[in-house]
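Peer 1: Following this message is one structure expressed as structure tokens.
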There are 2 protein chains.
Amino acid sequence: MYIEIDDSSQIPIYLQLANQIIKGIAHQELLPYEALPSGRTLAGDLGINMHTVNKAYHYLEDRRFIQVQPKSGAIIHPDAVRTATPKELETLKERLAPIIDEARCLQLSTDTIYQLIKESESND
Amino acid sequence: MYIEIDDSSQIPIYLQLANQIIKGIAHQELLPYEALPSGRTLAGDLGINMHTVNKAYHYLEDRRFIQVQPKSGAIIHPDAVRTATPKELETLKERLAPIIDEARCLQLSTDTIYQLIKESESND
């Protein structure tokens, strides 16, 4: 899987990395139980700090997208693809809300937002 | 307009504040040209740091939701409610993408996401 870090982005690097791993899972490029590179290796490959990779891994671990095992390293969580819990649904809604508010200021109809979603879904 | 800051939230305080002002604009509780309190006043009212309010105001100014005038203070931007530019549409799509990827891992259909959006829209 190809990971790209954009230094000029406003999104913190650890989050860019985490988002791309989630994208990999969503698009079945990364499968449950699949091993991830060690923090050191991935940091070296991407030319970023190892702590940044570790931060991304912690973020993904908190959200149950990966499992970090002290000795054998990180793997894609066995339940990375799962049915959302009510709490996960609530969190998604909370994250969507400010974007939807902004879209409303920009006079986008719900249908246009739906269209944007369709387009981001097909952006592989 | 009632603004509520949640100290226990993972969302930075400046962003909570900015998001609520955008929500106020989206719901027409804050109208173009309307004056906002000074950074000092709002900070005092909310019990937060004045620099945090200023950071929120800068964030909103960058996105053309408010106008900050050196002497007379901040007002809601005359064009706060406007037609999205292609760049603004692109930014919205970029912000939606990681949430949609996550929703896909959580096996939410596009229709369910649409439903979530409808619900966040009616969350006044």
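In the structure tokens, chains take the letters A, B, ... in the order shown, each chain's residues start at 1, and ligands count up from 1 in the order shown.
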Write out as a list in words which residues come within 10 Å of Glu90 (chain B) when counting only C-alpha atoms, dropping same-chain ones fewer than 6 positions away.
Peer 2: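 My list of contacting residues is Leu116 of chain A; Ala84 and Leu96 of chain B.
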Peer 1: Tell me, as number ranges by chain, which residues lie within 10 Å of Thr52 (chain B), counting only C-alpha atoms; anything in the same chain fewer than 4 positions away does not count.
Peer 2: B: 12-15, 17, 39, 43, 48, 56-58
Peer 1: Write out as a CSV table (one decimal) with all heavy atoms, in the first residue's frame each polymer residue whose atoms come within 9 Å of Pro37 (chain A), counting only C-alpha atoms; drop sequence neighbours fewer than 2 positions from it.
Peer 2:
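Below is the file that was written, result19.csv:
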chain,number,residue,atom,x,y,z
A,35,ALA,N,0.2,-7.7,9.1
A,35,ALA,CA,1.2,-7.0,9.9
A,35,ALA,C,1.6,-5.7,9.3
A,35,ALA,O,1.6,-5.5,8.1
A,35,ALA,CB,2.5,-7.9,9.9
A,39,GLY,N,7.4,0.8,13.8
A,39,GLY,CA,7.4,2.3,13.8
A,39,GLY,C,8.7,2.8,13.2
A,39,GLY,O,8.7,3.7,12.4
A,40,ARG,N,9.8,2.2,13.5
A,40,ARG,CA,11.1,2.6,13.0
A,40,ARG,C,11.2,2.5,11.5
A,40,ARG,O,11.6,3.4,10.8
A,40,ARG,CB,12.2,1.8,13.7
A,40,ARG,CG,13.6,2.2,13.4
A,40,ARG,CD,14.6,1.3,14.2
A,40,ARG,NE,14.4,1.3,15.6
A,40,ARG,CZ,15.0,2.2,16.4
A,40,ARG,NH1,15.7,3.2,16.0
A,40,ARG,NH2,14.7,2.2,17.7
A,41,THR,N,10.8,1.3,11.0
A,41,THR,CA,10.8,1.1,9.6
A,41,THR,C,10.0,2.0,8.8
A,41,THR,O,10.4,2.7,7.8
A,41,THR,CB,10.4,-0.4,9.3
A,41,THR,OG1,11.1,-1.3,10.0
A,41,THR,CG2,10.5,-0.7,7.8
A,42,LEU,N,8.7,2.2,9.3
A,42,LEU,CA,7.8,3.1,8.5
A,42,LEU,C,8.3,4.5,8.6
A,42,LEU,O,8.2,5.2,7.6
A,42,LEU,CB,6.4,2.9,9.1
A,42,LEU,CG,5.3,3.6,8.3
A,42,LEU,CD1,5.3,3.1,6.9
A,42,LEU,CD2,3.9,3.3,9.0
A,73,GLY,N,4.8,-6.6,17.3
A,73,GLY,CA,4.5,-5.4,16.5
A,73,GLY,C,3.0,-5.2,16.3
A,73,GLY,O,2.1,-5.8,16.9
A,74,ALA,N,2.7,-4.3,15.3
A,74,ALA,CA,1.3,-4.0,15.0
A,74,ALA,C,0.7,-4.8,13.9
A,74,ALA,O,1.3,-5.1,12.9
A,74,ALA,CB,1.2,-2.5,14.7
A,75,ILE,N,-0.6,-5.1,14.1
A,75,ILE,CA,-1.3,-5.8,13.0
A,75,ILE,C,-2.7,-5.0,12.8
A,75,ILE,O,-3.1,-4.3,13.7
A,75,ILE,CB,-1.6,-7.3,13.3
A,75,ILE,CG1,-2.5,-7.4,14.6
A,75,ILE,CG2,-0.4,-8.1,13.4
A,75,ILE,CD1,-3.1,-8.8,14.8
Peer 1: Per DSSP on the backbone, filter chain B down to the residues in strand (DSSP E) and report them as a list in words.
Peer 2: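 Reading the DSSP output for chain B, strand (DSSP E) covers Ile66, Gln67, Val68, Gln69, Gly73, Ala74, Ile75 and Ile76 of chain B.
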Peer 1: Just the selected residues (all heavy atoms), exported as a PDB file, in the first residue's frame, please.
Peer 2:
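Final output, selection11.pdb:
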ATOM      1  N   ILE B  66     -15.818  35.250   9.495  1.00  0.00           N
ATOM      2  CA  ILE B  66     -15.888  36.522  10.211  1.00  0.00           C
ATOM      3  C   ILE B  66     -14.880  37.483   9.595  1.00  0.00           C
ATOM      4  O   ILE B  66     -13.991  37.081   8.823  1.00  0.00           O
ATOM      5  CB  ILE B  66     -15.618  36.385  11.737  1.00  0.00           C
ATOM      6  CG1 ILE B  66     -14.135  36.099  12.022  1.00  0.00           C
ATOM      7  CG2 ILE B  66     -16.488  35.301  12.359  1.00  0.00           C
ATOM      8  CD1 ILE B  66     -13.797  36.187  13.517  1.00  0.00           C
ATOM      9  N   GLN B  67     -15.063  38.754   9.945  1.00  0.00           N
ATOM     10  CA  GLN B  67     -14.116  39.787   9.540  1.00  0.00           C
ATOM     11  C   GLN B  67     -13.596  40.426  10.820  1.00  0.00           C
ATOM     12  O   GLN B  67     -14.401  40.777  11.689  1.00  0.00           O
ATOM     13  CB  GLN B  67     -14.837  40.853   8.717  1.00  0.00           C
ATOM     14  CG  GLN B  67     -14.382  40.957   7.293  1.00  0.00           C
ATOM     15  CD  GLN B  67     -15.162  41.982   6.504  1.00  0.00           C
ATOM     16  OE1 GLN B  67     -15.868  42.831   7.068  1.00  0.00           O
ATOM     17  NE2 GLN B  67     -15.058  41.912   5.198  1.00  0.00           N
ATOM     18  N   VAL B  68     -12.268  40.527  10.941  1.00  0.00           N
ATOM     19  CA  VAL B  68     -11.728  41.158  12.143  1.00  0.00           C
ATOM     20  C   VAL B  68     -11.200  42.532  11.754  1.00  0.00           C
ATOM     21  O   VAL B  68     -10.339  42.649  10.882  1.00  0.00           O
ATOM     22  CB  VAL B  68     -10.629  40.297  12.790  1.00  0.00           C
ATOM     23  CG1 VAL B  68     -10.080  40.994  14.039  1.00  0.00           C
ATOM     24  CG2 VAL B  68     -11.162  38.921  13.163  1.00  0.00           C
ATOM     25  N   GLN B  69     -11.781  43.560  12.357  1.00  0.00           N
ATOM     26  CA  GLN B  69     -11.350  44.923  12.062  1.00  0.00           C
ATOM     27  C   GLN B  69     -10.554  45.449  13.249  1.00  0.00           C
ATOM     28  O   GLN B  69     -11.026  45.379  14.389  1.00  0.00           O
ATOM     29  CB  GLN B  69     -12.572  45.795  11.782  1.00  0.00           C
ATOM     30  CG  GLN B  69     -13.290  45.354  10.503  1.00  0.00           C
ATOM     31  CD  GLN B  69     -14.789  45.524  10.594  1.00  0.00           C
ATOM     32  OE1 GLN B  69     -15.364  45.442  11.686  1.00  0.00           O
ATOM     33  NE2 GLN B  69     -15.423  45.763   9.453  1.00  0.00           N
ATOM     34  N   GLY B  73     -13.421  45.659  16.108  1.00  0.00           N
ATOM     35  CA  GLY B  73     -13.653  44.276  16.530  1.00  0.00           C
ATOM     36  C   GLY B  73     -14.138  43.363  15.427  1.00  0.00           C
ATOM     37  O   GLY B  73     -14.067  43.697  14.236  1.00  0.00           O
ATOM     38  N   ALA B  74     -14.639  42.209  15.812  1.00  0.00           N
ATOM     39  CA  ALA B  74     -15.010  41.173  14.847  1.00  0.00           C
ATOM     40  C   ALA B  74     -16.512  41.220  14.537  1.00  0.00           C
ATOM     41  O   ALA B  74     -17.331  41.471  15.415  1.00  0.00           O
ATOM     42  CB  ALA B  74     -14.639  39.804  15.395  1.00  0.00           C
ATOM     43  N   ILE B  75     -16.821  41.007  13.269  1.00  0.00           N
ATOM     44  CA  ILE B  75     -18.223  40.874  12.850  1.00  0.00           C
ATOM     45  C   ILE B  75     -18.365  39.600  12.008  1.00  0.00           C
ATOM     46  O   ILE B  75     -17.378  39.106  11.465  1.00  0.00           O
ATOM     47  CB  ILE B  75     -18.709  42.085  11.997  1.00  0.00           C
ATOM     48  CG1 ILE B  75     -17.838  42.238  10.724  1.00  0.00           C
ATOM     49  CG2 ILE B  75     -18.703  43.362  12.811  1.00  0.00           C
ATOM     50  CD1 ILE B  75     -18.456  43.145   9.671  1.00  0.00           C
ATOM     51  N   ILE B  76     -19.575  39.116  11.921  1.00  0.00           N
ATOM     52  CA  ILE B  76     -19.841  38.010  10.996  1.00  0.00           C
ATOM     53  C   ILE B  76     -19.601  38.543   9.578  1.00  0.00           C
ATOM     54  O   ILE B  76     -20.058  39.632   9.230  1.00  0.00           O
ATOM     55  CB  ILE B  76     -21.299  37.504  11.138  1.00  0.00           C
ATOM     56  CG1 ILE B  76     -21.568  37.023  12.574  1.00  0.00           C
ATOM     57  CG2 ILE B  76     -21.593  36.399  10.126  1.00  0.00           C
ATOM     58  CD1 ILE B  76     -20.730  35.859  13.040  1.00  0.00           C
TER      59      ILE B  76
END
Peer 1: Select from chain B every residue with an atom at most 10 Å from any atom of chain A, then for each give the shortest pair of atoms and their distance in Å to one decimal, using only C-alpha atoms, rows by chain and rising number, as CSV.
Peer 2:
residue,atom,partner,partner_atom,distance
B:Ile11,CA,A:Arg95,CA,9.6
B:Leu15,CA,A:Pro98,CA,9.7
B:Gln16,CA,A:Pro98,CA,9.2
B:Ala18,CA,A:Pro98,CA,9.4
B:Asn19,CA,A:Pro98,CA,5.8
B:Gln20,CA,A:Pro98,CA,8.0
B:Ile21,CA,A:Asp101,CA,9.7
B:Ile22,CA,A:Glu102,CA,6.3
B:Lys23,CA,A:Asp101,CA,5.3
B:Gly24,CA,A:Asp101,CA,8.7
B:Ile25,CA,A:Cys105,CA,6.7
B:Ala26,CA,A:Cys105,CA,4.9
B:His27,CA,A:Asp101,CA,8.1
B:Gln28,CA,A:Cys105,CA,9.2
B:Arg63,CA,A:Glu102,CA,9.8
B:Phe65,CA,A:Cys105,CA,8.7
B:Asp79,CA,A:Cys105,CA,9.4
B:Ala80,CA,A:Cys105,CA,6.6
B:Val81,CA,A:Cys105,CA,4.7
B:Arg82,CA,A:Leu106,CA,5.1
B:Thr83,CA,A:Leu106,CA,5.1
B:Ala84,CA,A:Leu106,CA,4.8
B:Thr85,CA,A:Leu106,CA,8.4
B:Glu88,CA,A:Leu106,CA,8.3
B:Leu89,CA,A:Leu116,CA,8.3
B:Glu90,CA,A:Leu116,CA,9.1
B:Leu92,CA,A:Ile99,CA,7.0
B:Lys93,CA,A:Leu116,CA,6.1
B:Glu94,CA,A:Ser120,CA,7.7
B:Arg95,CA,A:Ile99,CA,7.6
B:Leu96,CA,A:Ile117,CA,7.0
B:Ala97,CA,A:Ser120,CA,5.4
B:Pro98,CA,A:Asn19,CA,5.8
B:Ile99,CA,A:Leu92,CA,7.0
B:Ile100,CA,A:Glu121,CA,7.0
B:Asp101,CA,A:Lys23,CA,5.3
B:Glu102,CA,A:Ile22,CA,6.3
B:Ala103,CA,A:Leu92,CA,7.5
B:Arg104,CA,A:Ala26,CA,5.6
B:Cys105,CA,A:Val81,CA,4.7
B:Leu106,CA,A:Ala84,CA,4.8
B:Gln107,CA,A:Thr83,CA,5.6
B:Leu108,CA,A:Ala84,CA,7.5
B:Thr110,CA,A:Lys118,CA,7.6
B:Asp111,CA,A:Tyr114,CA,9.1
B:Ile113,CA,A:Tyr114,CA,8.7
B:Tyr114,CA,A:Tyr114,CA,6.5
B:Gln115,CA,A:Lys93,CA,9.9
B:Leu116,CA,A:Lys93,CA,6.1
B:Ile117,CA,A:Leu96,CA,7.0
B:Lys118,CA,A:Thr110,CA,7.7
B:Glu119,CA,A:Lys93,CA,8.1
B:Ser120,CA,A:Ala97,CA,5.3
B:Glu121,CA,A:Ile100,CA,7.0
B:Ser122,CA,A:Ala97,CA,9.9
B:Asn123,CA,A:Ala97,CA,8.6
Peer 1: For CA of Asp6 (chain B) and CA of Gly47 (chain B), quote the distance in Å rounded to one decimal.
Peer 2: 11.5 Å
Peer 1: Between CA of Asn54 (chain A) and CA of Ser8 (chain A), what is the distance, to one decimal in Å?
Peer 2: 20.9 Å
Peer 1: At what distance in Å, to one decimal, does CA of Pro78 (chain B) lie from CA of Glu34 (chain B)?
Peer 2: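 Taking CA of Glu34 (chain B) as the start and CA of Pro78 (chain B) as the end point, the length is 8.9 Å.
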Peer 1: Using DSSP on the backbone coordinates, identify all residues within chain B classified as helix (DSSP H, G or I); present the result as number ranges by chain.
Peer 2: B: 13-26, 39-46, 50-62, 86-105, 110-122
Peer 1: Given only C-alpha atoms as the basis, pick out the residue of B:Thr91, B:Ser38, B:Ser109, B:Asn49 nearest to Ser9 (chain A).
Peer 2: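 Of B:Thr91, B:Ser38, B:Ser109, B:Asn49, the one nearest Ser9 (chain A) is B:Thr91, counting only C-alpha atoms.
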